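Pasting target_29.txt here (compact mmCIF, C-alpha atoms and all ligand atoms):
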# COMPACT_ATOMS: atom_id res chain seq x y z
CA MET X 1 -11.29 -17.27 -60.70
CA LEU X 2 -9.25 -18.99 -63.36
CA VAL X 3 -6.30 -21.30 -62.94
CA ARG X 4 -4.36 -22.26 -66.01
CA VAL X 5 -1.86 -25.12 -65.96
CA LEU X 6 1.02 -23.74 -68.01
CA GLY X 7 3.19 -26.79 -67.48
CA SER X 8 2.22 -30.06 -65.84
CA ALA X 9 5.51 -32.01 -65.79
CA ALA X 10 8.15 -32.11 -63.10
CA GLY X 11 11.74 -30.98 -63.71
CA GLY X 12 13.05 -32.24 -67.06
CA GLY X 13 9.62 -32.21 -68.70
CA PHE X 14 7.98 -35.04 -70.64
CA PRO X 15 9.95 -36.33 -72.44
CA GLN X 16 13.19 -35.37 -70.71
CA TRP X 17 16.03 -34.78 -73.16
CA ASN X 18 18.39 -37.41 -71.72
CA CYS X 19 15.84 -40.00 -70.63
CA GLY X 20 14.75 -43.21 -72.33
CA CYS X 21 12.45 -44.53 -69.61
CA PRO X 22 9.25 -46.29 -70.81
CA GLY X 23 7.21 -43.06 -70.55
CA CYS X 24 9.72 -40.88 -72.39
CA ARG X 25 10.05 -43.50 -75.13
CA ALA X 26 6.26 -43.77 -75.47
CA VAL X 27 5.70 -40.03 -75.78
CA ARG X 28 8.50 -39.77 -78.36
CA ASP X 29 7.42 -42.62 -80.59
CA GLY X 30 3.66 -42.37 -79.99
CA SER X 31 3.39 -46.04 -79.06
CA ARG X 32 1.11 -45.36 -76.06
CA PRO X 33 -1.57 -42.68 -75.57
CA CYS X 34 0.09 -39.77 -73.75
CA SER X 35 0.88 -36.08 -74.34
CA PRO X 36 4.13 -34.16 -74.06
CA ARG X 37 4.30 -31.79 -71.11
CA THR X 38 6.39 -28.78 -70.18
CA GLN X 39 7.80 -28.06 -66.74
CA SER X 40 5.62 -27.18 -63.79
CA SER X 41 3.99 -23.76 -63.62
CA LEU X 42 0.51 -22.36 -62.99
CA ALA X 43 -1.10 -19.02 -63.74
CA VAL X 44 -3.98 -17.64 -61.65
CA SER X 45 -6.33 -14.74 -62.31
CA ALA X 46 -9.52 -13.34 -60.80
CA ASP X 47 -10.75 -11.74 -64.01
CA GLY X 48 -8.72 -13.18 -66.88
CA GLU X 49 -6.92 -9.87 -67.34
CA GLN X 50 -4.28 -9.69 -64.63
CA TRP X 51 -2.37 -12.83 -63.82
CA VAL X 52 0.09 -14.14 -61.28
CA LEU X 53 2.51 -16.91 -62.05
CA ILE X 54 3.12 -19.71 -59.57
CA ASN X 55 6.70 -20.79 -60.29
CA ALA X 56 8.66 -19.75 -63.36
CA SER X 57 9.82 -22.79 -65.28
CA PRO X 58 12.57 -22.92 -67.90
CA ASP X 59 9.70 -23.34 -70.40
CA VAL X 60 8.03 -20.05 -69.42
CA ARG X 61 8.56 -18.33 -72.76
CA ALA X 62 6.80 -21.05 -74.74
CA GLN X 63 4.14 -21.35 -72.04
CA ILE X 64 3.26 -17.66 -72.26
CA GLU X 65 3.12 -17.80 -76.06
CA ALA X 66 0.81 -20.82 -75.84
CA THR X 67 -1.62 -18.88 -73.62
CA PRO X 68 -3.38 -15.98 -75.41
CA ALA X 69 -4.45 -14.39 -72.09
CA LEU X 70 -0.80 -14.00 -71.08
CA ARG X 71 0.36 -12.30 -74.26
CA PRO X 72 0.94 -8.53 -74.26
CA ASP X 73 -1.97 -6.37 -75.40
CA GLY X 74 0.08 -3.31 -76.17
CA ALA X 75 3.68 -2.22 -76.41
CA ARG X 76 5.48 -4.29 -73.79
CA ALA X 77 2.32 -4.42 -71.66
CA THR X 78 2.29 -7.84 -70.06
CA PRO X 79 -0.73 -9.01 -68.09
CA LEU X 80 1.65 -10.73 -65.64
CA ARG X 81 1.62 -8.86 -62.34
CA ALA X 82 3.69 -11.03 -60.03
CA VAL X 83 5.56 -14.29 -59.68
CA LEU X 84 5.10 -16.43 -56.57
CA LEU X 85 7.62 -19.20 -55.91
CA THR X 86 6.99 -22.32 -53.85
CA ASP X 87 10.73 -23.01 -53.46
CA ALA X 88 14.09 -22.31 -55.13
CA GLU X 89 14.30 -25.48 -57.25
CA LEU X 90 15.80 -24.70 -60.66
CA ASP X 91 12.79 -26.07 -62.54
CA HIS X 92 10.66 -23.52 -60.65
CA SER X 93 12.98 -20.53 -60.77
CA LEU X 94 15.12 -20.66 -63.94
CA GLY X 95 12.26 -19.01 -65.81
CA LEU X 96 12.89 -15.83 -63.82
CA LEU X 97 15.98 -15.35 -66.01
CA LEU X 98 13.75 -15.50 -69.09
CA LEU X 99 11.51 -12.70 -67.77
CA ARG X 100 14.44 -10.29 -67.77
CA GLU X 101 13.03 -8.24 -70.67
CA ALA X 102 10.20 -6.90 -68.50
CA ARG X 103 10.26 -3.33 -67.18
CA SER X 104 9.89 -4.76 -63.70
CA TRP X 105 7.88 -7.32 -61.80
CA GLN X 106 7.09 -8.43 -58.30
CA LEU X 107 8.64 -11.57 -56.89
CA HIS X 108 7.07 -13.19 -53.83
CA THR X 109 9.21 -15.74 -51.99
CA THR X 110 10.07 -16.65 -48.42
CA ALA X 111 13.28 -15.20 -46.95
CA SER X 112 14.85 -18.65 -47.22
CA VAL X 113 14.08 -18.97 -50.94
CA HIS X 114 15.27 -15.40 -51.47
CA ASP X 115 18.61 -16.26 -49.83
CA THR X 116 19.07 -19.20 -52.19
CA LEU X 117 18.17 -17.19 -55.29
CA ARG X 118 20.59 -14.46 -54.21
CA GLU X 119 23.56 -16.31 -52.76
CA GLY X 120 23.05 -19.94 -53.79
CA ASN X 121 22.24 -20.17 -57.48
CA SER X 122 22.64 -16.45 -58.35
CA VAL X 123 19.39 -16.39 -60.34
CA LEU X 124 18.27 -13.13 -58.73
CA PRO X 125 21.43 -11.02 -59.14
CA THR X 126 21.54 -12.15 -62.78
CA VAL X 127 17.93 -11.07 -63.47
CA ARG X 128 18.48 -7.82 -61.59
CA ALA X 129 21.29 -6.89 -63.93
CA TYR X 130 18.54 -6.53 -66.59
CA CYS X 131 15.33 -5.69 -64.80
CA PRO X 132 14.37 -4.28 -61.39
CA VAL X 133 12.68 -7.00 -59.37
CA GLN X 134 10.59 -5.91 -56.41
CA TRP X 135 10.89 -8.63 -53.81
CA ARG X 136 8.03 -9.20 -51.36
CA GLU X 137 8.70 -11.53 -48.47
CA VAL X 138 6.26 -14.42 -48.17
CA VAL X 139 5.40 -15.03 -44.52
CA PRO X 140 3.45 -18.26 -43.98
CA GLY X 141 0.07 -17.61 -42.36
CA ALA X 142 -0.24 -13.99 -43.48
CA ASP X 143 -3.02 -12.96 -45.88
CA VAL X 144 -1.60 -10.91 -48.71
CA PRO X 145 -3.72 -8.96 -51.20
CA LEU X 146 -2.34 -9.16 -54.72
CA GLY X 147 -4.33 -6.09 -55.75
CA ASN X 148 -6.13 -7.78 -58.62
CA GLY X 149 -9.05 -9.45 -56.84
CA LEU X 150 -6.93 -12.21 -55.36
CA THR X 151 -5.34 -12.75 -51.97
CA TYR X 152 -2.93 -15.48 -51.02
CA ARG X 153 -1.81 -17.20 -47.88
CA ALA X 154 1.32 -19.33 -47.90
CA PHE X 155 1.76 -22.32 -45.63
CA ASP X 156 5.00 -24.01 -44.68
CA VAL X 157 5.67 -27.44 -46.18
CA PRO X 158 8.31 -29.19 -44.08
CA THR X 159 11.09 -30.94 -45.98
CA THR X 160 14.24 -32.84 -45.11
CA LYS X 161 15.58 -32.69 -48.67
CA ARG X 162 19.13 -31.47 -48.61
CA SER X 163 19.66 -28.13 -50.34
CA ARG X 164 22.04 -28.23 -53.29
CA PHE X 165 23.22 -24.73 -52.57
CA GLY X 166 23.45 -24.90 -48.80
CA THR X 167 22.15 -21.42 -48.19
CA GLU X 168 18.57 -22.24 -47.31
CA ARG X 169 17.90 -21.89 -43.63
CA GLY X 170 15.12 -23.11 -41.36
CA PRO X 171 11.47 -23.19 -42.34
CA GLY X 172 10.15 -21.61 -45.50
CA ARG X 173 12.30 -23.65 -47.90
CA VAL X 174 9.09 -25.00 -49.42
CA VAL X 175 5.64 -23.49 -49.17
CA GLY X 176 2.23 -24.13 -50.65
CA TYR X 177 -0.27 -21.40 -51.45
CA ARG X 178 -3.97 -20.93 -50.84
CA ILE X 179 -5.23 -18.34 -53.27
CA THR X 180 -8.65 -16.81 -52.64
CA ASP X 181 -10.82 -14.95 -55.11
CA VAL X 182 -12.08 -11.99 -53.07
CA GLY X 183 -15.24 -11.64 -55.15
CA SER X 184 -16.51 -15.20 -54.76
CA GLY X 185 -14.67 -16.31 -51.63
CA ARG X 186 -13.53 -19.41 -53.44
CA ALA X 187 -10.05 -20.73 -52.78
CA VAL X 188 -7.65 -23.00 -54.59
CA ALA X 189 -4.59 -24.69 -53.10
CA LEU X 190 -1.37 -24.94 -55.05
CA LEU X 191 1.02 -27.56 -53.76
CA PRO X 192 3.39 -28.75 -56.51
CA GLY X 193 5.98 -29.98 -54.01
CA VAL X 194 5.21 -31.74 -50.73
CA GLN X 195 7.34 -34.37 -49.03
CA GLU X 196 4.65 -35.58 -46.62
CA ILE X 197 1.02 -34.57 -46.36
CA THR X 198 1.09 -33.85 -42.65
CA ASP X 199 -2.06 -33.02 -40.69
CA GLU X 200 -0.99 -29.36 -40.77
CA VAL X 201 -0.65 -29.41 -44.56
CA LEU X 202 -3.95 -31.25 -44.90
CA ALA X 203 -5.68 -28.59 -42.78
CA GLN X 204 -4.54 -25.93 -45.27
CA LEU X 205 -6.28 -27.77 -48.09
CA GLN X 206 -9.69 -27.85 -46.38
CA ASP X 207 -12.49 -25.72 -47.85
CA CYS X 208 -10.67 -25.25 -51.15
CA SER X 209 -12.74 -25.64 -54.30
CA CYS X 210 -9.79 -27.20 -56.06
CA VAL X 211 -6.36 -28.49 -55.08
CA PHE X 212 -3.38 -28.80 -57.39
CA VAL X 213 -1.09 -31.31 -55.75
CA ASP X 214 2.33 -32.90 -56.18
CA GLY X 215 2.08 -35.81 -58.63
CA THR X 216 5.80 -36.39 -59.15
CA CYS X 217 6.01 -40.15 -58.64
CA TRP X 218 3.58 -43.03 -58.46
CA ARG X 219 5.80 -45.19 -56.24
CA ASP X 220 8.30 -44.11 -53.61
CA ASP X 221 11.02 -46.29 -55.20
CA GLU X 222 10.12 -45.35 -58.78
CA MET X 223 13.51 -43.94 -59.77
CA PRO X 224 15.69 -46.69 -58.16
CA ARG X 225 13.47 -49.41 -59.70
CA LEU X 226 14.02 -47.96 -63.16
CA GLY X 227 17.75 -47.66 -62.45
CA LEU X 228 17.58 -43.91 -63.08
CA ALA X 229 18.57 -42.56 -59.67
CA SER X 230 19.33 -43.82 -56.20
CA LYS X 231 16.93 -41.50 -54.42
CA THR X 232 13.37 -42.31 -53.50
CA SER X 233 10.53 -39.95 -54.26
CA ARG X 234 10.37 -38.82 -50.63
CA GLU X 235 14.14 -38.26 -50.54
CA MET X 236 13.65 -35.94 -53.50
CA GLY X 237 11.00 -34.04 -51.50
CA HIS X 238 7.90 -35.52 -53.13
CA VAL X 239 5.29 -37.73 -51.51
CA PRO X 240 4.39 -40.58 -53.89
CA MET X 241 0.80 -41.09 -55.02
CA SER X 242 0.51 -44.75 -53.99
CA GLY X 243 1.37 -46.69 -50.86
CA PRO X 244 0.96 -45.94 -47.16
CA GLY X 245 0.89 -42.21 -46.50
CA GLY X 246 0.76 -41.57 -50.25
CA SER X 247 -1.27 -38.69 -51.59
CA LEU X 248 -4.12 -40.92 -52.85
CA GLU X 249 -4.61 -42.16 -49.31
CA ARG X 250 -4.00 -38.86 -47.48
CA LEU X 251 -6.30 -36.81 -49.71
CA ALA X 252 -9.02 -39.46 -50.09
CA ASP X 253 -11.48 -37.69 -47.77
CA LEU X 254 -10.68 -34.14 -48.85
CA ARG X 255 -13.88 -32.42 -49.93
CA ALA X 256 -12.74 -30.42 -52.91
CA GLU X 257 -14.66 -30.27 -56.15
CA ARG X 258 -11.51 -31.17 -58.03
CA LYS X 259 -8.22 -32.78 -57.01
CA ILE X 260 -5.68 -32.38 -59.77
CA TYR X 261 -2.18 -33.82 -59.97
CA VAL X 262 0.50 -31.49 -61.30
CA HIS X 263 4.34 -31.69 -61.37
CA LEU X 264 4.28 -35.17 -62.94
CA ASN X 265 7.66 -36.78 -63.41
CA ASN X 266 8.28 -38.45 -66.77
CA THR X 267 8.68 -41.81 -64.99
CA ASN X 268 5.15 -41.67 -63.54
CA PRO X 269 2.98 -44.35 -65.21
CA VAL X 270 -0.17 -42.23 -64.76
CA LEU X 271 1.08 -40.16 -67.71
CA LEU X 272 0.25 -43.17 -69.89
CA GLU X 273 -3.49 -42.89 -70.41
CA ASP X 274 -3.97 -46.64 -70.86
CA SER X 275 -2.08 -47.63 -67.69
CA PRO X 276 -3.74 -49.34 -64.71
CA GLU X 277 -2.23 -46.64 -62.49
CA ARG X 278 -4.02 -43.93 -64.47
CA ARG X 279 -7.29 -45.82 -64.15
CA GLU X 280 -6.82 -46.13 -60.41
CA VAL X 281 -6.13 -42.42 -59.96
CA GLU X 282 -9.27 -41.52 -61.90
CA ARG X 283 -11.36 -44.13 -60.11
CA ARG X 284 -10.37 -42.48 -56.83
CA GLY X 285 -11.61 -39.09 -58.06
CA PHE X 286 -8.30 -37.45 -59.00
CA GLU X 287 -7.39 -35.84 -62.31
CA VAL X 288 -4.04 -35.75 -64.10
CA ALA X 289 -3.23 -32.26 -65.40
CA THR X 290 -2.24 -31.57 -68.97
CA ASP X 291 -0.56 -28.44 -70.30
CA GLY X 292 -3.15 -25.79 -71.10
CA MET X 293 -5.79 -27.23 -68.74
CA GLU X 294 -7.97 -24.46 -67.37
CA VAL X 295 -10.05 -24.57 -64.21
CA ARG X 296 -12.67 -21.85 -63.92
CA PHE X 297 -14.85 -21.01 -60.94
CA HIS X 298 -17.69 -18.61 -61.45
CA HIS X 299 -18.73 -15.85 -59.11
CA ASP X 300 -21.47 -17.35 -56.99
CA SER X 301 -22.18 -17.79 -53.33
CA THR X 302 -22.11 -21.57 -53.26
CA ARG X 303 -18.94 -23.50 -52.73
ZN ZN A 401 9.99 -29.25 -59.59
ZN ZN A 402 11.88 -40.54 -68.71
Translate the structure of the given file into structure tokens.
Amino acid sequence: MLVRVLGSAAGGGFPQWNCGCPGCRAVRDGSRPCSPRTQSSLAVSADGEQWVLINASPDVRAQIEATPALRPDGARATPLRAVLLTDAELDHSLGLLLLREARSWQLHTTASVHDTLREGNSVLPTVRAYCPVQWREVVPGADVPLGNGLTYRAFDVPTTKRSRFGTERGPGRVVGYRITDVGSGRAVALLPGVQEITDEVLAQLQDCSCVFVDGTCWRDDEMPRLGLASKTSREMGHVPMSGPGGSLERLADLRAERKIYVHLNNTNPVLLEDSPERREVERRGFEVATDGMEVRFHHDSTR
């Protein structure tokens, strides 16, 4: 199984066009060691030939071009088979509009996310004016074969974040995915957005070879401290890395071969490779994703 990090930044990217926070300044002027990053998206494949996309960011066109395995191998023959969304956030769904040139593709979302894409932000009716999209409802807990050597199981990720569009109802506004390679039995967990790592969420991450987890903010009050926004990380739907109940603490005992932070906001000091926060994350056994990072698990019987 292969997982490719197409984009490792949170919404806005790194740097963000209208931001002059210390991180955005450093990546623009090269004054600190750090790399630019596009907005959050992952691609997963069993064999390197057929791929599914986890979230479609506004940077999807450049991300596909930057990834030889995702380029077409014949006339309009894309190796992308399906798009799975974790939620209806614009930084995860605007890329659907940019896939409108396809003949068709499969979209997997919960009913709640589908409602928002249809009635809330109108992303889906707009794409459908160009390209038939086959929607498949994601039902948390159900095992779904993707038909290319992979199966997935979504799990609900509770959130109290208020919806901007007001159409999302009940559970299923945010999910994480466990994707299993049928051939090897290995699983990866994809969790780019999680407000709290509850015991139920933690249980879904057990026995995974690798977890890709929400790395939006280092501190809960990161944005207010920088004077950039009034909302805390948790209020924006993202558990911070540090502090009580933070992801470093909650995932400390998780037995995965690799624990990788994705969806990094441009304010997060771990993006700066010489920061004490980055050193702490690495000391605790976590990695910070970069664009283009590839994680590969071979077919074998050991986990
Ligand atoms: Zn996001
Ligand atoms: Zn910034």
Shortest interatomic distance to His238 of chain X - which of X:Pro158, X:Gly30, X:Gly170, X:Pro276, counting only C-alpha atoms: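 Selected residue with least distance to His238 of chain X: X:Pro158.
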Ligand ZN 402 (chain A) neighbours within 8 Å using only C-alpha atoms and all ligand atoms, as a PyMOL selection string: chain X and resi 14-16+18-25+265-267
Could the residues in this selection be written to a file with C-alpha atoms, as a tab-separated table (two decimals), keeping the file's coordinate frame?
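Saved as out.tsv:
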chain	number	residue	atom	x	y	z
X	14	PHE	CA	7.98	-35.04	-70.64
X	15	PRO	CA	9.95	-36.33	-72.44
X	16	GLN	CA	13.19	-35.37	-70.71
X	18	ASN	CA	18.39	-37.41	-71.72
X	19	CYS	CA	15.84	-40.00	-70.63
X	20	GLY	CA	14.75	-43.21	-72.33
X	21	CYS	CA	12.45	-44.53	-69.61
X	22	PRO	CA	9.25	-46.29	-70.81
X	23	GLY	CA	7.21	-43.06	-70.55
X	24	CYS	CA	9.72	-40.88	-72.39
X	25	ARG	CA	10.05	-43.50	-75.13
X	265	ASN	CA	7.66	-36.78	-63.41
X	266	ASN	CA	8.28	-38.45	-66.77
X	267	THR	CA	8.68	-41.81	-64.99
Throw together the list of residues within 12 Å of ligand ZN 401 (chain A), counting all atoms listed in the file, and drop it here as a PyMOL selection string. chain X and resi 7-13+38-41+54-58+85-94+174+191-194+213-217+233+236-238+262-266
Export of the given selection (C-alpha atoms) as a JSON list (two decimals), in the frame of the given file:
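Written file, out19.json:
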[["chain", "number", "residue", "atom", "x", "y", "z"],
["X", 7, "GLY", "CA", 3.19, -26.79, -67.48],
["X", 8, "SER", "CA", 2.22, -30.06, -65.84],
["X", 9, "ALA", "CA", 5.51, -32.01, -65.79],
["X", 10, "ALA", "CA", 8.15, -32.11, -63.10],
["X", 11, "GLY", "CA", 11.74, -30.98, -63.71],
["X", 12, "GLY", "CA", 13.05, -32.24, -67.06],
["X", 13, "GLY", "CA", 9.62, -32.21, -68.70],
["X", 38, "THR", "CA", 6.39, -28.78, -70.18],
["X", 39, "GLN", "CA", 7.80, -28.06, -66.74],
["X", 40, "SER", "CA", 5.62, -27.18, -63.79],
["X", 41, "SER", "CA", 3.99, -23.76, -63.62],
["X", 54, "ILE", "CA", 3.12, -19.71, -59.57],
["X", 55, "ASN", "CA", 6.70, -20.79, -60.29],
["X", 56, "ALA", "CA", 8.66, -19.75, -63.36],
["X", 57, "SER", "CA", 9.82, -22.79, -65.28],
["X", 58, "PRO", "CA", 12.57, -22.92, -67.90],
["X", 85, "LEU", "CA", 7.62, -19.20, -55.91],
["X", 86, "THR", "CA", 6.99, -22.32, -53.85],
["X", 87, "ASP", "CA", 10.73, -23.01, -53.46],
["X", 88, "ALA", "CA", 14.09, -22.31, -55.13],
["X", 89, "GLU", "CA", 14.30, -25.48, -57.25],
["X", 90, "LEU", "CA", 15.80, -24.70, -60.66],
["X", 91, "ASP", "CA", 12.79, -26.07, -62.54],
["X", 92, "HIS", "CA", 10.66, -23.52, -60.65],
["X", 93, "SER", "CA", 12.98, -20.53, -60.77],
["X", 94, "LEU", "CA", 15.12, -20.66, -63.94],
["X", 174, "VAL", "CA", 9.09, -25.00, -49.42],
["X", 191, "LEU", "CA", 1.02, -27.56, -53.76],
["X", 192, "PRO", "CA", 3.39, -28.75, -56.51],
["X", 193, "GLY", "CA", 5.98, -29.98, -54.01],
["X", 194, "VAL", "CA", 5.21, -31.74, -50.73],
["X", 213, "VAL", "CA", -1.09, -31.31, -55.75],
["X", 214, "ASP", "CA", 2.33, -32.90, -56.18],
["X", 215, "GLY", "CA", 2.08, -35.81, -58.63],
["X", 216, "THR", "CA", 5.80, -36.39, -59.15],
["X", 217, "CYS", "CA", 6.01, -40.15, -58.64],
["X", 233, "SER", "CA", 10.53, -39.95, -54.26],
["X", 236, "MET", "CA", 13.65, -35.94, -53.50],
["X", 237, "GLY", "CA", 11.00, -34.04, -51.50],
["X", 238, "HIS", "CA", 7.90, -35.52, -53.13],
["X", 262, "VAL", "CA", 0.50, -31.49, -61.30],
["X", 263, "HIS", "CA", 4.34, -31.69, -61.37],
["X", 264, "LEU", "CA", 4.28, -35.17, -62.94],
["X", 265, "ASN", "CA", 7.66, -36.78, -63.41],
["X", 266, "ASN", "CA", 8.28, -38.45, -66.77]]
Between atom CA of Trp105 of chain X and atom CA of Val83 of chain X, what is the distance in Å, rounded to a tenth?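 These atoms are spaced 7.6 Å apart.
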Could the centre and edge lengths of an axis-aligned box, enclosing all atoms of segment 245-264 of chain X in the file with 6 Å extra on each side, be given in Å to one decimal as AutoDock Vina command-line options?
--center_x -5.2 --center_y -36.2 --center_z -54.7 --size_x 31.0 --size_y 23.9 --size_z 28.4
Given the choices X:Val295, X:Val211, X:Val281, X:Ala69, which gets closest to Met241 of chain X if the distance is worked out from all atoms listed in the file? X:Val281
Could you jot down the atom CA of Gly95 of chain X to atom CA of Thr290 of chain X separation for me, Å, one decimal place?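 Straight-line distance from atom CA of Gly95 of chain X to atom CA of Thr290 of chain X works out to 19.4 Å.
Taking atom CA of Arg278 of chain X and atom CA of Tyr177 of chain X as the two end points, the separation is 26.3 Å.
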